[in-house]
>>> print(open('input-v7.cif').read())   # mmCIF, C-alpha atoms
data_protein
#
loop_
_atom_site.label_atom_id
_atom_site.label_comp_id
_atom_site.auth_asym_id
_atom_site.auth_seq_id
_atom_site.Cartn_x
_atom_site.Cartn_y
_atom_site.Cartn_z
CA MET A 1 -58.13 -47.05 266.80
CA ASP A 2 -56.78 -49.86 268.95
CA GLN A 3 -57.76 -50.80 272.49
CA PHE A 4 -54.84 -48.87 273.90
CA GLU A 5 -55.90 -45.60 272.25
CA LYS A 6 -59.54 -46.18 273.04
CA HIS A 7 -58.77 -46.81 276.67
CA ILE A 8 -56.84 -43.53 276.94
CA ARG A 9 -59.57 -41.52 275.24
CA ASP A 10 -62.26 -43.10 277.39
CA ASN A 11 -60.36 -42.11 280.49
CA LYS A 12 -59.41 -38.65 279.34
CA ALA A 13 -60.77 -37.13 282.53
CA VAL A 14 -57.80 -38.61 284.40
CA PHE A 15 -55.52 -36.32 282.41
CA ASP A 16 -57.47 -33.21 283.41
CA ASP A 17 -56.19 -33.24 286.95
CA HIS A 18 -54.98 -29.66 287.24
CA ARG A 19 -57.01 -26.88 288.75
CA ALA A 20 -56.44 -23.37 287.52
CA ASP A 21 -56.05 -20.48 289.92
CA ARG A 22 -59.28 -18.94 288.66
CA GLU A 23 -59.30 -15.69 290.58
CA LYS A 24 -55.72 -14.79 289.82
CA ILE A 25 -55.99 -15.53 286.09
CA TRP A 26 -59.32 -13.71 285.78
CA ALA A 27 -57.96 -10.64 287.57
CA ASN A 28 -55.23 -10.40 284.93
CA ILE A 29 -57.64 -11.02 282.05
CA ALA A 30 -60.09 -8.40 283.33
CA SER A 31 -57.38 -5.81 283.82
CA GLN A 32 -56.09 -6.38 280.27
CA LEU A 33 -59.59 -6.14 278.84
CA ASN A 34 -60.23 -2.96 280.85
CA GLU A 35 -57.01 -1.45 279.56
CA GLU A 36 -58.17 -2.13 276.06
CA ARG A 37 -61.55 -0.59 276.83
CA THR A 38 -60.12 2.65 278.24
CA LYS A 39 -57.76 2.85 275.30
CA GLU A 40 -60.27 2.21 272.58
CA ILE A 41 -63.71 3.31 273.60
CA PRO A 42 -63.16 7.04 273.95
CA LEU A 43 -61.70 7.21 270.46
CA TRP A 44 -63.75 4.92 268.29
CA LYS A 45 -66.75 3.69 270.19
CA SER A 46 -68.14 7.03 271.33
CA PRO A 47 -70.94 7.98 268.90
CA MET A 48 -70.28 11.72 269.35
CA LEU A 49 -66.65 11.37 268.36
CA ARG A 50 -67.60 9.17 265.45
CA ILE A 51 -69.94 11.88 264.19
CA ALA A 52 -67.35 14.56 264.77
CA ALA A 53 -64.72 12.53 262.94
CA SER A 54 -67.11 11.92 260.04
CA ILE A 55 -67.87 15.64 259.76
CA LEU A 56 -64.17 16.46 259.81
CA ILE A 57 -63.45 13.94 257.08
CA LEU A 58 -66.35 15.26 254.97
CA LEU A 59 -65.16 18.85 255.43
CA GLY A 60 -61.66 17.81 254.49
CA ILE A 61 -62.79 16.05 251.34
CA SER A 62 -65.13 18.83 250.23
CA GLY A 63 -62.45 21.40 251.03
CA ALA A 64 -59.92 19.57 248.90
CA ILE A 65 -62.41 19.21 246.04
CA GLY A 66 -63.45 22.86 246.33
CA PHE A 67 -59.85 24.01 246.32
CA ASN A 68 -59.06 21.99 243.23
CA PHE A 69 -62.24 23.22 241.54
CA PHE A 70 -61.70 26.91 242.14
CA ALA A 71 -58.04 26.77 241.36
CA SER A 72 -58.78 24.80 238.24
CA PRO A 73 -56.83 26.48 235.40
CA THR A 74 -53.66 25.40 237.11
CA THR A 75 -51.18 25.62 234.25
CA GLU A 76 -52.52 29.00 233.20
CA SER A 77 -52.50 30.42 236.72
CA GLN A 78 -49.01 29.11 237.26
CA PHE A 79 -47.95 30.78 234.07
CA VAL A 80 -49.59 34.09 235.01
CA SER A 81 -48.23 34.07 238.53
CA GLN A 82 -44.78 33.24 237.18
CA GLU A 83 -45.08 36.18 234.79
CA LEU A 84 -46.22 38.40 237.62
CA GLN A 85 -43.34 37.30 239.77
CA ASP A 86 -40.86 38.13 237.04
CA ILE A 87 -42.33 41.58 236.51
CA ASP A 88 -42.50 42.10 240.25
CA MET A 89 -38.84 41.20 240.71
CA HIS A 90 -37.76 43.46 237.90
CA TYR A 91 -39.66 46.54 239.04
CA GLN A 92 -39.07 45.98 242.72
CA GLY A 93 -35.36 46.00 242.04
CA LEU A 94 -35.59 49.23 240.04
CA VAL A 95 -37.80 50.99 242.58
CA SER A 96 -35.74 50.06 245.61
CA TYR A 97 -32.56 51.10 243.81
CA GLN A 98 -33.99 54.50 242.97
CA VAL A 99 -35.55 55.03 246.38
CA GLN A 100 -32.07 54.41 247.78
CA LEU A 101 -30.67 57.03 245.41
CA VAL A 102 -33.21 59.57 246.65
CA GLN A 103 -32.50 58.78 250.29
CA ASN A 104 -28.75 59.13 249.76
CA ASN A 105 -29.07 62.37 247.87
CA SER A 106 -27.42 65.12 249.82
CA GLN A 107 -29.11 67.95 247.90
CA LEU A 108 -32.59 67.06 249.18
CA SER A 109 -33.79 68.31 252.54
CA ASP A 110 -35.23 65.78 255.00
CA ALA A 111 -38.70 67.29 254.59
CA ASP A 112 -38.54 66.85 250.81
CA LYS A 113 -37.38 63.26 251.19
CA GLU A 114 -40.18 62.53 253.63
CA GLU A 115 -42.80 64.04 251.33
CA PHE A 116 -41.51 62.04 248.41
CA LEU A 117 -41.33 58.81 250.38
CA SER A 118 -44.86 59.24 251.77
CA PHE A 119 -46.03 59.46 248.19
CA MET A 120 -44.20 56.22 247.51
CA VAL A 121 -45.92 54.67 250.54
CA GLU A 122 -49.29 55.53 249.01
CA LEU A 123 -48.29 53.78 245.81
CA ASP A 124 -47.10 50.83 247.90
CA ALA A 125 -50.55 50.55 249.47
CA GLU A 126 -52.14 50.65 246.05
CA TYR A 127 -49.75 47.98 244.90
CA GLU A 128 -50.69 45.71 247.84
CA GLN A 129 -54.34 46.08 246.95
CA LEU A 130 -53.63 45.19 243.36
CA LYS A 131 -51.72 42.14 244.48
CA LEU A 132 -54.73 41.00 246.52
CA GLU A 133 -56.93 41.59 243.51
CA MET A 134 -54.49 39.56 241.46
CA GLN A 135 -54.92 36.61 243.82
CA ASN A 136 -58.68 36.71 243.35
CA ASN A 137 -58.50 37.13 239.57
CA LEU A 138 -55.33 35.40 238.65
CA ASP A 139 -55.96 35.61 234.92
CA ASN A 140 -57.18 39.17 234.93
CA GLU A 141 -54.93 41.05 232.56
CA GLN A 142 -56.31 44.42 233.61
CA VAL A 143 -55.07 43.89 237.15
CA LEU A 144 -51.70 42.82 235.86
CA GLU A 145 -51.50 45.95 233.73
CA ALA A 146 -52.50 48.09 236.71
CA ILE A 147 -49.67 46.56 238.75
CA VAL A 148 -47.19 47.31 236.02
CA ALA A 149 -48.61 50.84 235.72
CA ASN A 150 -48.19 51.27 239.48
CA TYR A 151 -44.54 50.33 239.24
CA ARG A 152 -43.99 52.54 236.23
CA LYS A 153 -45.54 55.47 238.05
CA ARG A 154 -43.20 55.00 240.96
CA ILE A 155 -40.18 54.75 238.73
CA GLU A 156 -41.32 57.73 236.72
CA LEU A 157 -41.75 59.80 239.86
CA ILE A 158 -38.30 58.89 241.10
CA GLU A 159 -36.77 59.54 237.70
CA ASN A 160 -38.45 62.90 237.51
CA LEU A 161 -37.25 63.82 240.94
CA LEU A 162 -33.70 62.76 240.19
CA GLN A 163 -33.82 64.53 236.85
CA GLN A 164 -35.00 67.72 238.51
CA LEU A 165 -32.20 67.48 240.99
CA ASN A 166 -29.64 66.95 238.26
CA GLU A 167 -31.05 69.79 236.20
CA SER A 168 -30.83 72.20 239.08
CA LYS A 169 -27.28 71.02 239.63
CA ILE A 170 -26.43 71.71 235.98
CA LYS A 171 -28.08 75.09 236.19
CA GLU A 172 -26.04 75.88 239.25
CA ASP A 173 -22.93 74.77 237.43
CA ASP A 174 -23.83 76.84 234.38
CA TYR A 175 -24.50 79.71 236.66
CA GLY A 176 -21.02 79.35 237.99
CA TYR A 177 -19.58 79.54 234.54
CA THR A 178 -21.48 82.65 233.63
CA LEU A 179 -20.14 84.25 236.68
CA MET B 1 -76.30 -32.79 266.35
CA GLU B 2 -73.22 -31.06 265.02
CA THR B 3 -75.10 -27.80 264.75
CA GLU B 4 -76.13 -28.07 268.37
CA ILE B 5 -72.54 -28.52 269.51
CA ARG B 6 -71.34 -25.57 267.45
CA PHE B 7 -73.94 -23.30 269.02
CA THR B 8 -73.23 -24.34 272.62
CA HIS B 9 -73.35 -21.28 274.91
CA ARG B 10 -74.41 -19.14 272.00
CA SER B 11 -76.11 -16.47 274.08
CA LEU B 12 -73.07 -16.20 276.35
CA VAL B 13 -70.83 -15.87 273.30
CA GLU B 14 -73.08 -13.23 271.73
CA ASN B 15 -73.25 -11.19 274.93
CA SER B 16 -69.50 -11.49 275.30
CA LYS B 17 -69.07 -10.18 271.78
CA SER B 18 -70.74 -6.96 272.83
CA GLY B 19 -68.33 -6.72 275.76
CA ASP B 20 -70.60 -7.92 278.57
CA ARG B 21 -68.12 -8.72 281.32
CA THR B 22 -70.49 -11.02 283.23
CA SER B 23 -71.02 -13.26 280.20
CA GLN B 24 -67.30 -13.25 279.54
CA TYR B 25 -66.70 -14.38 283.11
CA GLN B 26 -69.29 -17.15 282.76
CA LEU B 27 -67.57 -18.44 279.62
CA TYR B 28 -64.25 -18.18 281.41
CA GLU B 29 -65.55 -20.24 284.33
CA LEU B 30 -66.85 -22.91 281.98
CA TYR B 31 -63.59 -23.34 280.09
CA VAL B 32 -60.71 -22.19 282.26
CA ASP B 33 -59.90 -25.57 283.84
CA ALA B 34 -60.03 -27.45 280.53
CA MET B 35 -57.80 -24.87 278.87
CA TYR B 36 -55.40 -24.83 281.79
CA ASN B 37 -55.07 -28.61 281.56
CA VAL B 38 -54.44 -28.43 277.80
CA SER B 39 -51.68 -25.91 278.33
CA MET B 40 -50.22 -27.80 281.30
CA ARG B 41 -49.94 -30.96 279.20
CA PHE B 42 -47.85 -29.06 276.66
CA LEU B 43 -45.79 -26.88 278.95
CA GLY B 44 -45.68 -28.73 282.25
CA ILE B 45 -44.93 -25.50 284.13
CA LYS B 46 -47.71 -23.93 286.18
CA GLU B 47 -46.68 -20.30 285.63
CA ASP B 48 -46.22 -20.73 281.87
CA ALA B 49 -49.58 -22.45 281.54
CA GLU B 50 -51.27 -19.66 283.51
CA ASP B 51 -49.73 -17.02 281.24
CA ILE B 52 -50.85 -18.89 278.14
CA VAL B 53 -54.41 -19.35 279.42
CA GLN B 54 -54.61 -15.71 280.39
CA ASP B 55 -53.34 -14.50 276.99
CA SER B 56 -55.65 -16.92 275.20
CA PHE B 57 -58.77 -15.66 276.95
CA VAL B 58 -57.78 -12.03 276.37
CA ASP B 59 -57.17 -12.75 272.68
CA ALA B 60 -60.39 -14.73 272.41
CA PHE B 61 -62.52 -11.97 273.94
CA LYS B 62 -60.83 -9.29 271.87
CA ASN B 63 -61.32 -11.23 268.64
CA LEU B 64 -64.65 -12.77 269.41
CA GLU B 65 -66.31 -11.10 266.43
CA LYS B 66 -64.12 -13.37 264.25
CA PHE B 67 -65.74 -16.45 265.81
CA LYS B 68 -68.46 -17.49 263.34
CA TYR B 69 -69.65 -20.79 264.88
CA GLU B 70 -67.67 -22.88 262.39
CA SER B 71 -66.74 -24.98 265.43
CA SER B 72 -67.84 -24.89 269.05
CA PHE B 73 -66.54 -22.00 271.15
CA GLY B 74 -64.58 -24.53 273.20
CA ALA B 75 -62.81 -25.94 270.14
CA TRP B 76 -62.05 -22.43 268.88
CA LEU B 77 -60.64 -21.43 272.25
CA LYS B 78 -58.65 -24.65 272.55
CA ARG B 79 -57.05 -23.97 269.19
CA ILE B 80 -55.88 -20.59 270.48
CA VAL B 81 -54.47 -22.22 273.64
CA ILE B 82 -52.68 -24.96 271.67
CA ASN B 83 -51.23 -22.51 269.16
CA LYS B 84 -49.99 -20.25 271.94
CA SER B 85 -48.54 -23.19 273.89
CA ILE B 86 -46.68 -24.47 270.85
CA ASN B 87 -45.41 -21.00 270.00
CA HIS B 88 -44.21 -20.70 273.56
CA LEU B 89 -42.23 -23.92 273.14
CA LYS B 90 -40.84 -22.63 269.85
CA VAL B 91 -39.71 -19.41 271.51
CA LYS B 92 -37.98 -21.54 274.14
CA ARG B 93 -36.41 -23.44 271.23
CA LEU B 94 -37.59 -26.78 272.51
CA PRO B 95 -37.82 -29.50 269.89
CA LEU B 96 -41.39 -30.15 268.77
CA ALA B 97 -40.67 -33.42 267.00
CA ALA B 98 -37.72 -35.77 266.92
CA ILE B 99 -37.67 -35.76 263.13
CA ASP B 100 -34.27 -37.38 262.68
CA GLU B 101 -35.38 -40.58 264.35
CA HIS B 102 -38.71 -41.32 262.75
CA GLU B 103 -37.72 -41.72 259.10
CA TYR B 104 -36.48 -45.28 259.58
CA HIS B 105 -39.79 -46.44 260.87
CA LEU B 106 -42.09 -45.21 258.15
CA THR B 107 -42.87 -48.71 256.92
CA ASN B 108 -42.51 -50.50 260.21
CA GLU B 109 -45.80 -51.57 261.63
CA VAL B 110 -45.21 -51.28 265.32
CA GLU B 111 -45.95 -54.40 267.25
CA TYR B 112 -47.73 -53.40 270.38
CA GLU B 113 -46.85 -55.65 273.19
CA GLN B 114 -49.44 -56.45 275.70
CA VAL B 115 -49.55 -53.29 277.77
CA ASP B 116 -50.89 -52.83 281.16
CA ALA B 117 -53.14 -50.34 279.50
CA MET B 118 -55.85 -50.70 282.04
CA ASP B 119 -53.70 -48.85 284.52
CA ILE B 120 -54.46 -45.41 283.20
CA LEU B 121 -52.26 -43.74 285.79
CA LYS B 122 -49.28 -45.64 284.38
CA VAL B 123 -50.20 -44.34 280.95
CA LYS B 124 -50.39 -40.83 282.34
CA SER B 125 -46.96 -40.92 283.93
CA GLY B 126 -45.64 -42.68 280.81
CA ILE B 127 -46.75 -39.74 278.64
CA GLU B 128 -45.05 -37.33 281.02
CA LYS B 129 -41.80 -39.26 280.60
CA LEU B 130 -41.90 -39.08 276.79
CA PRO B 131 -39.40 -36.89 274.95
CA LEU B 132 -41.00 -33.52 274.31
CA GLY B 133 -41.56 -34.00 270.57
CA TYR B 134 -43.39 -37.28 271.12
CA LYS B 135 -45.34 -35.88 274.01
CA GLN B 136 -46.79 -33.07 271.82
CA ILE B 137 -48.00 -35.44 269.18
CA ILE B 138 -49.50 -37.91 271.66
CA ASN B 139 -51.23 -35.02 273.42
CA LEU B 140 -52.63 -33.65 270.20
CA TYR B 141 -53.82 -36.96 268.82
CA LEU B 142 -54.92 -38.96 271.84
CA LEU B 143 -56.00 -36.31 274.31
CA GLU B 144 -57.03 -33.28 272.24
CA GLY B 145 -58.56 -35.52 269.59
CA TYR B 146 -56.88 -33.77 266.67
CA ASP B 147 -56.56 -35.69 263.42
CA HIS B 148 -53.31 -35.75 261.44
CA ASN B 149 -54.44 -32.91 259.19
CA GLU B 150 -55.02 -30.66 262.18
CA ILE B 151 -51.75 -31.76 263.77
CA SER B 152 -49.80 -31.04 260.60
CA ASP B 153 -51.40 -27.59 260.56
CA VAL B 154 -50.62 -26.81 264.19
CA LEU B 155 -47.05 -28.16 264.15
CA GLY B 156 -46.20 -27.04 260.62
CA ILE B 157 -45.28 -30.55 259.44
CA THR B 158 -46.71 -32.79 256.72
CA THR B 159 -49.52 -35.24 257.45
CA SER B 160 -47.29 -38.20 256.73
CA THR B 161 -44.70 -36.90 259.17
CA SER B 162 -47.46 -36.50 261.70
CA LYS B 163 -48.58 -40.10 261.18
CA SER B 164 -45.13 -41.61 261.39
CA GLN B 165 -44.22 -39.45 264.36
CA TYR B 166 -47.35 -40.57 266.13
CA HIS B 167 -46.63 -44.27 265.61
CA ARG B 168 -43.10 -43.82 266.79
CA ALA B 169 -44.30 -41.91 269.83
CA LYS B 170 -46.86 -44.57 270.64
CA LYS B 171 -44.24 -47.30 270.45
CA LYS B 172 -42.00 -45.34 272.76
CA LEU B 173 -44.89 -44.82 275.16
CA VAL B 174 -45.60 -48.54 275.30
CA GLU B 175 -41.94 -49.21 276.06
CA ILE B 176 -41.96 -46.69 278.87
CA ILE B 177 -45.18 -48.05 280.38
CA ASN B 178 -43.84 -51.61 280.30
CA GLY B 179 -40.70 -50.47 282.04
CA LEU B 180 -42.64 -48.86 284.87
#
>>> encode(input="input-v7.cif", output="structure tokens")
Amino acid sequence: MDQFEKHIRDNKAVFDDHRADREKIWANIASQLNEERTKEIPLWKSPMLRIAASILILLGISGAIGFNFFASPTTESQFVSQELQDIDMHYQGLVSYQVQLVQNNSQLSDADKEEFLSFMVELDAEYEQLKLEMQNNLDNEQVLEAIVANYRKRIELIENLLQQLNESKIKEDDYGYTL
Amino acid sequence: METEIRFTHRSLVENSKSGDRTSQYQLYELYVDAMYNVSMRFLGIKEDAEDIVQDSFVDAFKNLEKFKYESSFGAWLKRIVINKSINHLKVKRLPLAAIDEHEYHLTNEVEYEQVDAMDILKVKSGIEKLPLGYKQIINLYLLEGYDHNEISDVLGITTSTSKSQYHRAKKKLVEIINGL
């Protein structure tokens, strides 16, 4: 370092000749720091909220683990529920078609239709219960069979009713011939 | 000795870390004028320097937990002020160094004429008259006491560029002072 540099460094105080507007600058600093405090503290620095957040996270994690654990045989349950859906679709289509036939039938009185449909409603309720049971025991074949049986019963009932109606129609026709 | 300097105002710094506003204000009072002068030397505009000082203190207090006494608090704070001042100049697209001129003088040992160096006020006004790029490097080296490694870091140039720029700037300064 030469004399020139040394002289400047020794007299550095001469270069510090500005005075800051302390109050004004501090007012701005304090307001910015306060802003930060009101933004941050309620969320992350409050111990209560920290505890609450921790509990929520723990519940979330245990919930996710529990869900995965209880729904463990995933491929199997997917397979069963897919099977159930297929059966459901098939029978639902049949039943609704035949219920429509009954409702459109002109030979049946309204009272008869109502009686028949109330019976169907009972079977519907049973079916809903079986479906719930199915959700609890996805791989329970007995429940699956019961659901199928429920559908079959409905279809059978409708078929019987329609058959009876047709038979009486034939009889009436035959009767006409004999006359 | 070095340890003592690094731990200057330790209790104030520690209290400020935990958000104690009174300690923060005490630190502010201790350093605000020095920091304002640093920024004024770079920017030369009162309002700009005030903004930089304000932002620097806010940043410093917000990030105080990152300060691990590797330097003194003052040096740490000054680094923030210098970085912010230089970024401010970059944003304004002002040239930080007159790179195209210095290459020719890499091997030239500058002959310093007899300067009226004793007149420190002449030196002061001479520095103010320097082109901006030279002024930054003179400020950093002579007044802030940064070495060429630190300067190269702050300005994003190589150490050799920093050295040659400094010599060129010093020669220019001597010329200006002699012309005053």
>>> residues_around(input="input-v7.cif", residues="B:Tyr28", least_positions_apart="2", cutoff="12 Å", atoms="only C-alpha atoms", output="MDAnalysis selection string")
(chainID A and resid 20 22:23 25:27 29:30) or (chainID B and resid 9 12:13 16 21:26 30:36 53:54 56:58 60:61 73:74 77)
>>> interface_residues(input="input-v7.cif", of="chain A", to="chain B", cutoff="8 Å", atoms="all atoms listed in the file", output="MDAnalysis selection string")
chainID A and resid 4:5 7:9 11:12 14:20 22 25:26 28:29 32:33
>>> atom_distance(input="input-v7.cif", atom1="atom CA of A:Gln103", atom2="atom CA of A:Ala125")
19.9 Å
>>> atom_distance(input="input-v7.cif", atom1="atom CA of A:Asp112", atom2="atom CA of A:Leu165")
11.7 Å
>>> resolve_selection(input="input-v7.cif", expression="the PyMOL selection byres ((chain B and resi 79-90) around 7)", output="mmCIF file with C-alpha atoms, in the frame of the given file")
data_model
loop_
_atom_site.group_PDB
_atom_site.id
_atom_site.type_symbol
_atom_site.label_atom_id
_atom_site.label_comp_id
_atom_site.auth_asym_id
_atom_site.auth_seq_id
_atom_site.Cartn_x
_atom_site.Cartn_y
_atom_site.Cartn_z
ATOM 1 C CA MET B 35 -57.800 -24.870 278.870
ATOM 2 C CA SER B 39 -51.680 -25.910 278.330
ATOM 3 C CA PHE B 42 -47.850 -29.060 276.660
ATOM 4 C CA LEU B 43 -45.790 -26.880 278.950
ATOM 5 C CA ILE B 52 -50.850 -18.890 278.140
ATOM 6 C CA VAL B 53 -54.410 -19.350 279.420
ATOM 7 C CA SER B 56 -55.650 -16.920 275.200
ATOM 8 C CA ALA B 75 -62.810 -25.940 270.140
ATOM 9 C CA TRP B 76 -62.050 -22.430 268.880
ATOM 10 C CA LEU B 77 -60.640 -21.430 272.250
ATOM 11 C CA LYS B 78 -58.650 -24.650 272.550
ATOM 12 C CA VAL B 91 -39.710 -19.410 271.510
ATOM 13 C CA LYS B 92 -37.980 -21.540 274.140
ATOM 14 C CA ARG B 93 -36.410 -23.440 271.230
ATOM 15 C CA LEU B 94 -37.590 -26.780 272.510
ATOM 16 C CA VAL B 154 -50.620 -26.810 264.190
#
